[in-house]
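Next comes work.cif, with mmCIF, C-alpha atoms.
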```cif
data_my_file
#
loop_
_atom_site.label_atom_id
_atom_site.label_comp_id
_atom_site.auth_asym_id
_atom_site.auth_seq_id
_atom_site.Cartn_x
_atom_site.Cartn_y
_atom_site.Cartn_z
CA MET A 255 71.83 -59.38 -17.89
CA ARG A 256 68.41 -57.81 -17.28
CA LYS A 257 70.01 -54.40 -16.70
CA ALA A 258 72.00 -54.67 -19.92
CA LEU A 259 68.87 -55.61 -21.84
CA LEU A 260 66.95 -52.66 -20.36
CA LEU A 261 69.82 -50.29 -21.14
CA THR A 262 70.02 -51.54 -24.73
CA LEU A 263 66.26 -51.14 -25.15
CA ALA A 264 66.38 -47.62 -23.69
CA ILE A 265 69.23 -46.59 -26.02
CA LEU A 266 67.42 -48.17 -28.99
CA ALA A 267 64.20 -46.34 -28.12
CA THR A 268 66.11 -43.05 -27.79
CA VAL A 269 67.80 -43.51 -31.16
CA VAL A 270 64.50 -44.41 -32.89
CA THR A 271 62.73 -41.46 -31.25
CA ALA A 272 65.55 -39.09 -32.19
CA LEU A 273 65.51 -40.36 -35.80
CA ILE A 274 61.74 -39.92 -36.07
CA ALA A 275 61.55 -36.59 -34.25
CA ALA A 276 64.71 -34.92 -35.49
CA PRO A 277 64.30 -32.33 -38.24
CA ALA A 278 65.15 -33.48 -41.77
CA PHE A 279 68.91 -33.71 -42.18
CA LYS A 280 70.41 -30.88 -44.14
CA PRO A 281 74.00 -31.01 -45.30
CA SER A 282 74.51 -27.34 -44.54
CA LEU A 283 72.70 -25.36 -41.88
CA SER A 284 72.39 -21.66 -42.57
CA LEU A 285 73.97 -19.31 -40.04
CA THR A 286 70.60 -17.86 -39.00
CA GLU A 287 69.12 -21.34 -38.44
CA ALA A 288 72.13 -22.41 -36.40
CA ALA A 289 71.95 -19.27 -34.25
CA SER A 290 68.22 -19.73 -33.72
CA MET A 291 68.73 -23.37 -32.71
CA MET A 292 71.51 -22.35 -30.30
CA THR A 293 69.34 -19.62 -28.74
CA ARG A 294 66.44 -22.07 -28.36
CA THR A 295 68.68 -24.63 -26.65
CA ALA A 296 70.13 -21.93 -24.37
CA VAL A 297 66.63 -20.86 -23.36
CA ILE A 298 65.57 -24.47 -22.64
CA VAL A 299 68.66 -25.22 -20.52
CA SER A 300 68.28 -21.91 -18.64
CA ILE A 301 64.70 -22.83 -17.78
CA LEU A 302 65.90 -26.28 -16.71
CA PHE A 303 68.26 -24.56 -14.28
CA VAL A 304 65.29 -22.61 -12.86
CA TRP A 305 63.39 -25.91 -12.58
CA ILE A 306 66.21 -27.65 -10.70
CA VAL A 307 66.50 -24.73 -8.23
CA ALA A 308 62.71 -24.70 -7.70
CA ALA A 309 62.67 -28.49 -7.29
CA ILE A 310 65.45 -28.42 -4.69
CA VAL A 311 63.80 -25.61 -2.70
CA VAL A 312 60.33 -27.20 -2.75
CA THR A 313 61.71 -30.65 -1.83
CA LEU A 314 63.68 -29.15 1.06
CA ILE A 315 60.58 -27.34 2.33
CA SER A 316 58.03 -30.14 1.86
CA GLY A 317 59.83 -33.35 0.95
CA ARG A 318 57.23 -35.62 2.54
CA GLU A 319 54.37 -34.07 0.58
CA ILE A 320 56.30 -34.42 -2.69
CA ARG A 321 57.00 -38.08 -1.81
CA TYR A 322 53.31 -38.77 -1.08
CA SER A 323 52.29 -37.23 -4.41
CA SER A 324 55.00 -39.22 -6.18
CA ILE A 325 53.77 -42.45 -4.56
CA GLU A 326 50.21 -41.67 -5.65
CA LEU A 327 51.41 -41.03 -9.20
CA ARG A 328 53.18 -44.39 -9.30
CA THR A 329 50.30 -46.37 -7.77
CA SER A 330 47.38 -44.74 -9.67
CA PRO A 331 48.82 -43.27 -12.86
CA LEU A 332 45.58 -43.55 -14.84
CA HIS A 333 43.56 -41.74 -12.20
CA CYS A 334 46.19 -38.99 -12.01
CA PHE A 335 46.25 -38.62 -15.79
CA ALA A 336 42.45 -38.49 -16.07
CA LEU A 337 42.22 -36.01 -13.21
CA GLY A 338 44.98 -33.89 -14.77
CA LEU A 339 43.23 -33.79 -18.15
CA VAL A 340 39.88 -32.86 -16.62
CA ALA A 341 41.50 -30.27 -14.33
CA VAL A 342 43.36 -28.55 -17.20
CA THR A 343 40.12 -28.46 -19.24
CA SER A 344 38.32 -27.06 -16.20
CA PHE A 345 41.01 -24.38 -15.74
CA VAL A 346 40.61 -23.29 -19.37
CA LEU A 347 36.79 -23.23 -19.26
CA THR A 348 36.80 -21.38 -15.93
CA ALA A 349 39.31 -18.86 -17.29
CA ILE A 350 37.03 -18.24 -20.29
CA LEU A 351 34.07 -17.76 -17.93
CA PHE A 352 36.06 -15.33 -15.77
CA SER A 353 37.25 -13.44 -18.85
CA TYR A 354 33.60 -12.66 -19.62
CA LEU A 355 33.47 -10.99 -16.17
CA ILE A 356 36.42 -8.65 -16.80
CA PRO A 357 34.14 -5.68 -17.70
CA TYR A 358 32.52 -6.10 -14.27
CA VAL A 359 35.91 -5.69 -12.47
CA VAL A 360 35.36 -8.88 -10.43
CA GLY A 361 36.73 -10.91 -13.36
CA ILE A 362 40.29 -9.64 -12.90
CA PRO A 363 40.88 -10.84 -9.30
CA LEU A 364 39.11 -14.10 -10.12
CA LEU A 365 41.34 -14.63 -13.15
CA LEU A 366 44.42 -13.77 -11.08
CA ALA A 367 43.43 -16.22 -8.35
CA LEU A 368 42.82 -18.96 -10.92
CA ALA A 369 46.18 -18.24 -12.60
CA VAL A 370 48.06 -18.38 -9.29
CA PHE A 371 46.34 -21.65 -8.34
CA ALA A 372 47.04 -23.17 -11.77
CA ILE A 373 50.72 -22.13 -11.69
CA ILE A 374 51.25 -23.48 -8.15
CA THR A 375 49.53 -26.75 -9.11
CA LYS A 376 51.66 -27.09 -12.23
CA ILE A 377 54.96 -26.34 -10.44
CA TYR A 378 54.24 -28.61 -7.46
CA GLY A 379 52.91 -31.40 -9.70
CA THR A 380 55.86 -31.27 -12.08
CA ILE A 381 58.26 -31.57 -9.12
CA ALA A 382 56.28 -34.63 -7.95
CA VAL A 383 56.68 -36.05 -11.47
CA PHE A 384 60.46 -35.42 -11.26
CA HIS A 385 60.49 -37.39 -8.00
CA ALA A 386 58.44 -40.21 -9.51
CA VAL A 387 60.67 -40.46 -12.60
CA GLY A 388 63.82 -40.36 -10.47
CA THR A 389 62.47 -43.04 -8.15
CA ILE A 390 61.40 -45.31 -11.02
CA VAL A 391 64.80 -45.04 -12.69
CA ALA A 392 67.29 -44.72 -9.85
CA ASN A 393 65.77 -45.79 -6.54
CA ALA A 394 67.32 -48.71 -4.63
CA ARG A 395 65.33 -51.96 -4.85
CA SER A 396 66.57 -53.47 -1.58
CA ARG A 397 67.95 -52.40 1.80
CA GLU A 398 71.42 -53.69 0.96
CA ALA A 399 71.50 -51.61 -2.21
CA LEU A 400 70.23 -48.60 -0.28
CA SER A 401 72.84 -48.92 2.45
CA ARG A 402 75.62 -49.36 -0.14
CA ARG A 403 74.73 -46.09 -1.85
CA ARG A 404 76.46 -42.90 -0.79
CA TRP A 405 74.88 -40.29 -3.04
CA LEU A 406 72.02 -41.77 -5.00
CA ARG A 407 69.40 -41.97 -2.25
CA GLY A 408 66.87 -39.70 -0.62
CA ASP A 409 64.11 -37.46 -1.97
CA LEU A 410 66.47 -34.69 -3.09
CA ALA A 411 68.59 -37.05 -5.17
CA MET A 412 65.51 -38.61 -6.80
CA VAL A 413 64.15 -35.17 -7.72
CA VAL A 414 67.50 -34.10 -9.21
CA VAL A 415 67.75 -37.33 -11.23
CA GLY A 416 64.20 -36.74 -12.48
CA VAL A 417 64.95 -33.14 -13.53
CA LEU A 418 68.10 -34.20 -15.36
CA LEU A 419 66.34 -37.08 -17.14
CA LEU A 420 63.26 -35.13 -18.18
CA GLY A 421 65.53 -32.19 -19.01
CA ALA A 422 67.54 -34.36 -21.41
CA ILE A 423 64.28 -35.49 -23.03
CA ARG A 424 63.16 -31.84 -23.26
CA LEU A 425 66.11 -31.14 -25.55
CA ILE A 426 64.78 -33.59 -28.18
CA PRO A 427 62.78 -31.54 -30.71
CA VAL A 428 58.99 -32.19 -30.79
CA VAL A 429 59.22 -35.23 -28.46
CA GLY A 430 60.49 -33.07 -25.60
CA VAL A 431 57.52 -30.72 -25.78
CA ILE A 432 55.06 -33.64 -25.95
CA VAL A 433 56.70 -35.47 -23.02
CA TRP A 434 56.73 -32.32 -20.86
CA GLY A 435 53.09 -31.65 -21.75
CA ILE A 436 52.13 -35.16 -20.67
CA ALA A 437 54.28 -34.81 -17.53
CA SER A 438 52.46 -31.56 -16.70
CA ILE A 439 49.08 -33.29 -17.00
CA PHE A 440 50.28 -36.10 -14.72
CA GLY A 441 51.65 -33.48 -12.34
CA VAL A 442 48.45 -31.44 -12.13
CA GLY A 443 46.54 -34.71 -11.60
CA THR A 444 48.74 -35.98 -8.77
CA ALA A 445 48.86 -32.56 -7.09
CA LEU A 446 45.07 -32.39 -7.01
CA ALA A 447 44.57 -36.10 -6.20
CA THR A 448 46.66 -35.80 -3.03
CA LYS A 449 45.71 -32.18 -2.23
CA PHE A 450 49.35 -31.14 -2.65
CA GLY A 451 50.63 -34.16 -0.76
CA ARG A 452 48.51 -33.59 2.33
CA ARG A 453 46.21 -36.54 1.57
CA GLU A 454 43.17 -34.76 2.95
CA PRO A 455 39.70 -34.87 1.36
CA TRP A 456 38.76 -31.88 -0.78
CA PHE A 457 35.12 -32.04 0.28
CA LEU A 458 33.63 -32.77 3.67
CA VAL A 459 30.85 -35.36 3.82
CA TRP A 460 27.57 -33.81 4.91
CA ARG A 461 25.80 -35.57 7.80
CA PRO A 462 22.77 -34.33 9.76
CA VAL A 463 23.39 -33.39 13.40
CA SER A 464 22.28 -36.15 15.76
CA ALA A 465 21.19 -35.66 19.37
CA ASP A 466 23.56 -38.31 20.84
CA MET B 1248 23.82 -62.79 25.39
CA ASN B 1249 21.36 -63.20 28.30
CA ALA B 1250 21.63 -62.16 31.94
CA ASP B 1251 23.50 -65.38 32.93
CA CYS B 1252 26.07 -64.78 30.25
CA GLN B 1253 26.49 -61.20 31.45
CA ARG B 1254 27.00 -62.36 35.06
CA TYR B 1255 29.58 -64.93 33.92
CA ALA B 1256 31.42 -62.25 31.94
CA GLU B 1257 31.52 -60.00 35.02
CA ASP B 1258 32.60 -62.69 37.51
CA PRO B 1259 33.68 -65.96 35.89
CA GLU B 1260 34.88 -67.61 39.12
CA THR B 1261 31.59 -67.26 41.02
CA HIS B 1262 29.46 -68.35 38.04
CA ALA B 1263 31.78 -71.05 36.77
CA ALA B 1264 28.86 -73.46 36.27
CA HIS B 1265 27.44 -71.28 33.48
CA ILE B 1266 30.20 -72.18 31.02
CA ARG B 1267 29.19 -75.87 31.19
CA ASP B 1268 25.54 -75.10 30.36
CA CYS B 1269 25.85 -72.34 27.74
CA VAL B 1270 27.10 -73.52 24.33
CA ALA B 1271 27.46 -69.99 22.95
CA CYS B 1272 29.69 -68.87 25.83
CA ARG B 1273 31.74 -72.06 25.64
CA GLU B 1274 32.44 -71.54 21.95
CA MET B 1275 33.19 -67.85 22.39
CA TYR B 1276 35.59 -68.29 25.32
CA ALA B 1277 37.25 -71.22 23.60
CA LEU B 1278 37.90 -68.96 20.65
CA LEU B 1279 39.26 -66.23 22.91
CA ASN B 1280 41.58 -68.66 24.65
CA THR B 1281 43.06 -69.98 21.40
CA PRO B 1282 46.76 -69.12 21.44
CA VAL B 1283 47.71 -66.69 18.71
CA GLU B 1284 50.36 -68.04 16.40
CA SER B 1285 53.14 -65.50 16.42
CA LYS B 1286 56.08 -65.54 14.10
CA ALA B 1287 59.13 -63.38 14.29
CA VAL B 1288 59.06 -60.79 11.51
CA ASN B 1289 62.18 -60.63 9.42
CA VAL B 1290 62.41 -56.92 8.71
CA GLU B 1291 65.07 -57.44 6.06
CA LYS B 1292 62.65 -59.53 3.98
CA LEU B 1293 59.90 -56.88 3.98
CA PRO B 1294 59.73 -54.73 0.85
CA LEU B 1295 61.56 -51.42 0.99
CA ALA B 1296 59.20 -48.68 2.19
CA ALA B 1297 59.09 -45.37 0.35
CA TRP B 1298 60.17 -43.39 3.40
CA GLU B 1299 63.29 -45.45 4.11
CA GLY B 1300 66.33 -43.28 3.50
CA ALA B 1301 64.09 -40.55 2.03
CA ASP B 1302 65.31 -37.81 4.38
CA TYR B 1303 68.92 -38.30 3.33
CA ARG B 1304 70.25 -35.18 1.64
CA SER B 1305 72.72 -35.97 -1.04
CA TRP B 1306 74.36 -32.58 -1.36
CA PRO B 1307 77.21 -33.56 -3.71
CA LEU B 1308 74.72 -34.89 -6.26
CA VAL B 1309 72.33 -31.95 -5.84
CA LEU B 1310 75.01 -29.27 -6.07
CA GLY B 1311 76.81 -31.13 -8.84
CA GLY B 1312 73.61 -31.44 -10.91
CA ALA B 1313 72.64 -27.80 -10.39
CA LEU B 1314 76.14 -26.51 -11.13
CA ALA B 1315 76.42 -28.70 -14.24
CA LEU B 1316 73.13 -27.32 -15.56
CA LEU B 1317 74.19 -23.75 -14.72
CA THR B 1318 77.52 -24.24 -16.51
CA VAL B 1319 75.85 -25.67 -19.63
CA ALA B 1320 73.20 -22.91 -19.61
CA PHE B 1321 75.82 -20.19 -19.15
CA SER B 1322 78.04 -21.60 -21.93
CA LEU B 1323 75.13 -21.91 -24.36
CA CYS B 1324 73.98 -18.37 -23.56
CA MET B 1325 77.49 -17.07 -24.18
CA VAL B 1326 77.67 -18.86 -27.54
CA ALA B 1327 74.18 -17.60 -28.47
CA GLY B 1328 75.17 -14.06 -27.45
CA ILE B 1329 72.44 -13.54 -24.86
CA SER B 1330 72.55 -13.13 -21.10
CA LEU B 1331 71.39 -15.91 -18.78
CA PHE B 1332 68.69 -13.65 -17.36
CA THR B 1333 67.36 -12.83 -20.85
CA ALA B 1334 67.21 -16.55 -21.65
CA MET B 1335 65.32 -17.25 -18.42
CA THR B 1336 62.77 -14.48 -18.98
CA ALA B 1337 62.31 -15.58 -22.60
CA GLY B 1338 61.70 -19.16 -21.47
CA ALA B 1339 59.31 -18.17 -18.69
CA ARG B 1340 57.25 -15.91 -20.91
CA PHE B 1341 53.74 -17.21 -21.32
CA ASP B 1342 51.25 -15.64 -23.69
CA TRP B 1343 48.17 -16.24 -21.55
CA ARG B 1344 46.15 -13.57 -23.37
CA GLY B 1345 46.74 -15.26 -26.73
CA ILE B 1346 45.88 -18.69 -25.30
CA LEU B 1347 42.74 -17.33 -23.63
CA ALA B 1348 41.69 -15.63 -26.85
CA SER B 1349 42.22 -18.75 -28.95
CA ALA B 1350 40.39 -20.89 -26.34
CA SER B 1351 37.46 -18.43 -26.42
CA GLU B 1352 37.43 -18.68 -30.22
CA ALA B 1353 37.47 -22.47 -30.01
CA VAL B 1354 34.40 -22.64 -27.73
CA ARG B 1355 32.47 -19.90 -29.58
CA PRO B 1356 30.70 -22.39 -31.92
CA LEU B 1357 29.20 -24.10 -28.84
CA GLY B 1358 27.12 -21.02 -28.03
CA PRO B 1359 26.22 -19.89 -24.49
CA ILE B 1360 24.10 -22.97 -23.71
CA GLY B 1361 26.70 -25.39 -25.06
CA PHE B 1362 29.46 -23.60 -23.12
CA ALA B 1363 27.41 -23.69 -19.91
CA ALA B 1364 26.72 -27.40 -20.44
CA ALA B 1365 30.42 -28.14 -21.12
CA PHE B 1366 31.42 -26.13 -18.04
CA LEU B 1367 28.97 -27.99 -15.83
CA ILE B 1368 29.89 -31.43 -17.21
CA VAL B 1369 33.66 -30.89 -16.92
CA ASN B 1370 33.45 -29.51 -13.39
CA THR B 1371 31.08 -32.28 -12.29
CA ILE B 1372 33.56 -34.88 -13.54
CA LEU B 1373 36.35 -32.96 -11.78
CA ILE B 1374 34.46 -33.01 -8.47
CA LEU B 1375 33.67 -36.72 -8.87
CA LEU B 1376 37.34 -37.49 -9.53
CA LEU B 1377 38.44 -35.34 -6.58
CA ARG B 1378 36.14 -37.26 -4.22
CA ARG B 1379 38.23 -40.42 -4.58
CA ALA B 1380 40.59 -40.84 -1.63
CA PRO B 1381 44.29 -41.12 -2.52
CA ARG B 1382 45.56 -44.71 -2.42
CA GLY B 1383 49.31 -44.21 -2.46
CA ILE B 1384 50.67 -45.54 0.81
CA ASP B 1385 47.82 -48.01 1.36
CA ALA B 1386 48.08 -49.64 -2.09
#
```
Please render this file's structure as structure tokens.
Amino acid sequence: MRKALLLTLAILATVVTALIAAPAFKPSLSLTEAASMMTRTAVIVSILFVWIVAAIVVTLISGREIRYSSIELRTSPLHCFALGLVAVTSFVLTAILFSYLIPYVVGIPLLLALAVFAIITKIYGTIAVFHAVGTIVANARSREALSRRRWLRGDLAMVVVGVLLLGAIRLIPVVGVIVWGIASIFGVGTALATKFGRREPWFLVWRPVSAD
Amino acid sequence: MNADCQRYAEDPETHAAHIRDCVACREMYALLNTPVESKAVNVEKLPLAAWEGADYRSWPLVLGGALALLTVAFSLCMVAGISLFTAMTAGARFDWRGILASASEAVRPLGPIGFAAAFLIVNTILILLLRRAPRGIDA
């Protein structure tokens, strides 16, 4: 009963979102517009394929870290979002500062280092968001349910479910871009909050040396 | 704890008389001798931990999902008349120079002092937020 209600609400929300976000209905789409829309969709789905491959590889290499970041995202979403917003703003401001240093050569390696760090943070964080979304939607709620499942369990499965779900949302015009933007902010936040799933402090606490 | 208490702690049998005289020791040892109530833990009733079944690799789902996406992407690229590689490079393209230029334009009205202040404030908040220990597993 509860599942049916949730499913109905989800379908209703999707329909309402699609109706609001969809471009104004035109009885006849010009050939150029149709081709452009098809190319755009092809590009989005191709990038989704790259995302699923990256997600599978990263989860196979460091599944535990992705899980820790996903747990952090689900337990402290507001902190992750705030940290993500501040971090993205910091990246932009730091990039502007480094761009002023380009004439003094040192700006280029600094900019490159910042770009690499930002890209790694974004990719890792987005994969953690895939895991979190997959877990929220498809994870087993009890041990019996978990033992009954043959395919839909484990970190890899949760990540794939997350990619497919967020990928389907990405295909909705306007809404998809907004949702992926928000997911990126959450991702950057959770990646930094857990130090890429290692759960170590970023800064050491300073204490004076004592004789004993 | 005085010297008598210390001696009793070291050799309770020899200094057995001390426990009758010292109220503090009597209370403390009474507390220590209280049997701990132990109940059998029903593991099945505990909530499902995040790591349970996490290492399981569901290859049919993973390969099926990836292949389905590849098939859809390939079909769409064929219909659109572009190669899959072209679509991927077009999607991955990121105009960082344009974004950097527009961001620089956006902060120009702040002036050098305003920009320095914004930089310091944002990074201070970032450091403060990063100092919080992750809760995750302990929550």
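With all atoms listed in the file as the atoms that count, the residue of B:Pro1356, B:Gly1361, B:Pro1282, B:Pro1294 with the shortest distance to chain A is B:Pro1294.
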List every residue of chain A that has an atom at most 7 Å from any atom of chain B, giving for each one its closest atom pair and the distance in Å to one decimal, counting only C-alpha atoms, sorted by chain and then by ascending residue number, as JSON lines.
```
{"residue": "A:Ala289", "atom": "CA", "partner": "B:Ala1327", "partner_atom": "CA", "distance": 6.4}
{"residue": "A:Met292", "atom": "CA", "partner": "B:Ala1327", "partner_atom": "CA", "distance": 5.7}
{"residue": "A:Thr293", "atom": "CA", "partner": "B:Ala1327", "partner_atom": "CA", "distance": 5.3}
{"residue": "A:Ala296", "atom": "CA", "partner": "B:Leu1323", "partner_atom": "CA", "distance": 5.0}
{"residue": "A:Val297", "atom": "CA", "partner": "B:Ala1334", "partner_atom": "CA", "distance": 4.7}
{"residue": "A:Ile298", "atom": "CA", "partner": "B:Gly1338", "partner_atom": "CA", "distance": 6.7}
{"residue": "A:Val299", "atom": "CA", "partner": "B:Ala1320", "partner_atom": "CA", "distance": 5.2}
{"residue": "A:Ser300", "atom": "CA", "partner": "B:Ala1320", "partner_atom": "CA", "distance": 5.1}
{"residue": "A:Ile301", "atom": "CA", "partner": "B:Met1335", "partner_atom": "CA", "distance": 5.7}
{"residue": "A:Phe303", "atom": "CA", "partner": "B:Leu1316", "partner_atom": "CA", "distance": 5.7}
{"residue": "A:Ile306", "atom": "CA", "partner": "B:Ala1313", "partner_atom": "CA", "distance": 6.4}
{"residue": "A:Tyr322", "atom": "CA", "partner": "B:Gly1383", "partner_atom": "CA", "distance": 6.9}
{"residue": "A:Ile325", "atom": "CA", "partner": "B:Gly1383", "partner_atom": "CA", "distance": 5.2}
{"residue": "A:Glu326", "atom": "CA", "partner": "B:Gly1383", "partner_atom": "CA", "distance": 4.2}
{"residue": "A:Thr329", "atom": "CA", "partner": "B:Gly1383", "partner_atom": "CA", "distance": 5.8}
{"residue": "A:Leu337", "atom": "CA", "partner": "B:Leu1376", "partner_atom": "CA", "distance": 6.3}
{"residue": "A:Val340", "atom": "CA", "partner": "B:Leu1373", "partner_atom": "CA", "distance": 6.0}
{"residue": "A:Ala341", "atom": "CA", "partner": "B:Leu1373", "partner_atom": "CA", "distance": 6.3}
{"residue": "A:Ser344", "atom": "CA", "partner": "B:Val1369", "partner_atom": "CA", "distance": 6.1}
{"residue": "A:Leu347", "atom": "CA", "partner": "B:Phe1366", "partner_atom": "CA", "distance": 6.2}
{"residue": "A:Ile350", "atom": "CA", "partner": "B:Ser1351", "partner_atom": "CA", "distance": 6.1}
{"residue": "A:Arg395", "atom": "CA", "partner": "B:Leu1295", "partner_atom": "CA", "distance": 7.0}
{"residue": "A:Ser396", "atom": "CA", "partner": "B:Leu1295", "partner_atom": "CA", "distance": 6.0}
{"residue": "A:Arg397", "atom": "CA", "partner": "B:Leu1295", "partner_atom": "CA", "distance": 6.5}
{"residue": "A:Trp405", "atom": "CA", "partner": "B:Ser1305", "partner_atom": "CA", "distance": 5.2}
{"residue": "A:Arg407", "atom": "CA", "partner": "B:Gly1300", "partner_atom": "CA", "distance": 6.6}
{"residue": "A:Gly408", "atom": "CA", "partner": "B:Ala1301", "partner_atom": "CA", "distance": 3.9}
{"residue": "A:Asp409", "atom": "CA", "partner": "B:Ala1301", "partner_atom": "CA", "distance": 5.1}
{"residue": "A:Leu410", "atom": "CA", "partner": "B:Arg1304", "partner_atom": "CA", "distance": 6.1}
{"residue": "A:Ala411", "atom": "CA", "partner": "B:Ser1305", "partner_atom": "CA", "distance": 5.9}
{"residue": "A:Val414", "atom": "CA", "partner": "B:Val1309", "partner_atom": "CA", "distance": 6.3}
{"residue": "A:Ala447", "atom": "CA", "partner": "B:Leu1377", "partner_atom": "CA", "distance": 6.2}
{"residue": "A:Thr448", "atom": "CA", "partner": "B:Pro1381", "partner_atom": "CA", "distance": 5.8}
{"residue": "A:Arg453", "atom": "CA", "partner": "B:Pro1381", "partner_atom": "CA", "distance": 6.4}
{"residue": "A:Pro455", "atom": "CA", "partner": "B:Ala1380", "partner_atom": "CA", "distance": 6.7}
{"residue": "A:Trp456", "atom": "CA", "partner": "B:Leu1377", "partner_atom": "CA", "distance": 6.8}
{"residue": "A:Phe457", "atom": "CA", "partner": "B:Arg1378", "partner_atom": "CA", "distance": 7.0}
```
What separation in Å, quoted to one decimal, exists between atom CA of Val433 of chain A and atom CA of Leu420 of chain A? 8.2 Å
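Counting all atoms listed in the file and comparing A:Ala382, A:Val415, A:Val442, A:Ile426, the residue that lies closest to Arg318 of chain A is A:Ala382.
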Could you tell me which residues the PyMOL selection byres ((chain A and resi 384) around 9) grabs in this file, written as a ChimeraX atom specification? /A:309,324,379-383,385-389,412-420,437
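Separating atom CA of Leu1279 of chain B from atom CA of Arg1254 of chain B is a distance of 17.7 Å.
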Leu368 of chain A: which residues within 12 Å, counting only C-alpha atoms, same-chain residues fewer than 3 positions away excluded, as a CSV table (one decimal) with C-alpha atoms, in the coordinates of the input?
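Written file, part06.csv:
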```
chain,number,residue,atom,x,y,z
A,341,ALA,CA,41.5,-30.3,-14.3
A,342,VAL,CA,43.4,-28.6,-17.2
A,344,SER,CA,38.3,-27.1,-16.2
A,345,PHE,CA,41.0,-24.4,-15.7
A,346,VAL,CA,40.6,-23.3,-19.4
A,347,LEU,CA,36.8,-23.2,-19.3
A,348,THR,CA,36.8,-21.4,-15.9
A,349,ALA,CA,39.3,-18.9,-17.3
A,350,ILE,CA,37.0,-18.2,-20.3
A,351,LEU,CA,34.1,-17.8,-17.9
A,352,PHE,CA,36.1,-15.3,-15.8
A,353,SER,CA,37.2,-13.4,-18.8
A,361,GLY,CA,36.7,-10.9,-13.4
A,362,ILE,CA,40.3,-9.6,-12.9
A,363,PRO,CA,40.9,-10.8,-9.3
A,364,LEU,CA,39.1,-14.1,-10.1
A,365,LEU,CA,41.3,-14.6,-13.2
A,371,PHE,CA,46.3,-21.6,-8.3
A,372,ALA,CA,47.0,-23.2,-11.8
A,373,ILE,CA,50.7,-22.1,-11.7
A,374,ILE,CA,51.2,-23.5,-8.2
A,375,THR,CA,49.5,-26.8,-9.1
```
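The interatomic distance for the pair atom CA of Arg403 of chain A and atom CA of Ile423 of chain A works out to 25.9 Å.
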Save segment 1314-1328 of chain B from what I just supplied, as a compact mmCIF listing (two decimals), in the first residue's frame, atoms limited to N, CA and C atoms.
```txt
# COMPACT_ATOMS: atom_id res chain seq x y z
N LEU B 1314 25.69 -1.84 -20.82
CA LEU B 1314 25.42 -2.19 -22.23
C LEU B 1314 24.16 -1.50 -22.74
N ALA B 1315 23.14 -1.40 -21.87
CA ALA B 1315 21.90 -0.72 -22.27
C ALA B 1315 22.18 0.73 -22.60
N LEU B 1316 22.97 1.38 -21.75
CA LEU B 1316 23.31 2.80 -22.00
C LEU B 1316 24.12 2.94 -23.28
N LEU B 1317 25.07 2.00 -23.49
CA LEU B 1317 25.91 2.05 -24.70
C LEU B 1317 25.05 1.87 -25.95
N THR B 1318 24.09 0.93 -25.86
CA THR B 1318 23.21 0.68 -27.02
C THR B 1318 22.38 1.91 -27.35
N VAL B 1319 21.79 2.52 -26.29
CA VAL B 1319 20.96 3.71 -26.51
C VAL B 1319 21.81 4.85 -27.08
N ALA B 1320 23.01 5.04 -26.49
CA ALA B 1320 23.90 6.11 -26.96
C ALA B 1320 24.29 5.89 -28.41
N PHE B 1321 24.65 4.65 -28.74
CA PHE B 1321 25.09 4.32 -30.09
C PHE B 1321 23.94 4.54 -31.08
N SER B 1322 22.73 4.10 -30.71
CA SER B 1322 21.57 4.26 -31.60
C SER B 1322 21.27 5.74 -31.83
N LEU B 1323 21.28 6.51 -30.76
CA LEU B 1323 20.98 7.95 -30.88
C LEU B 1323 22.03 8.65 -31.74
N CYS B 1324 23.31 8.25 -31.54
CA CYS B 1324 24.38 8.86 -32.34
C CYS B 1324 24.20 8.52 -33.82
N MET B 1325 23.79 7.28 -34.08
CA MET B 1325 23.57 6.87 -35.48
C MET B 1325 22.45 7.68 -36.11
N VAL B 1326 21.36 7.86 -35.35
CA VAL B 1326 20.22 8.64 -35.86
C VAL B 1326 20.63 10.09 -36.07
N ALA B 1327 21.44 10.63 -35.11
CA ALA B 1327 21.86 12.04 -35.22
C ALA B 1327 22.95 12.23 -36.27
N GLY B 1328 23.55 11.13 -36.73
CA GLY B 1328 24.57 11.23 -37.78
C GLY B 1328 25.94 11.64 -37.25
```
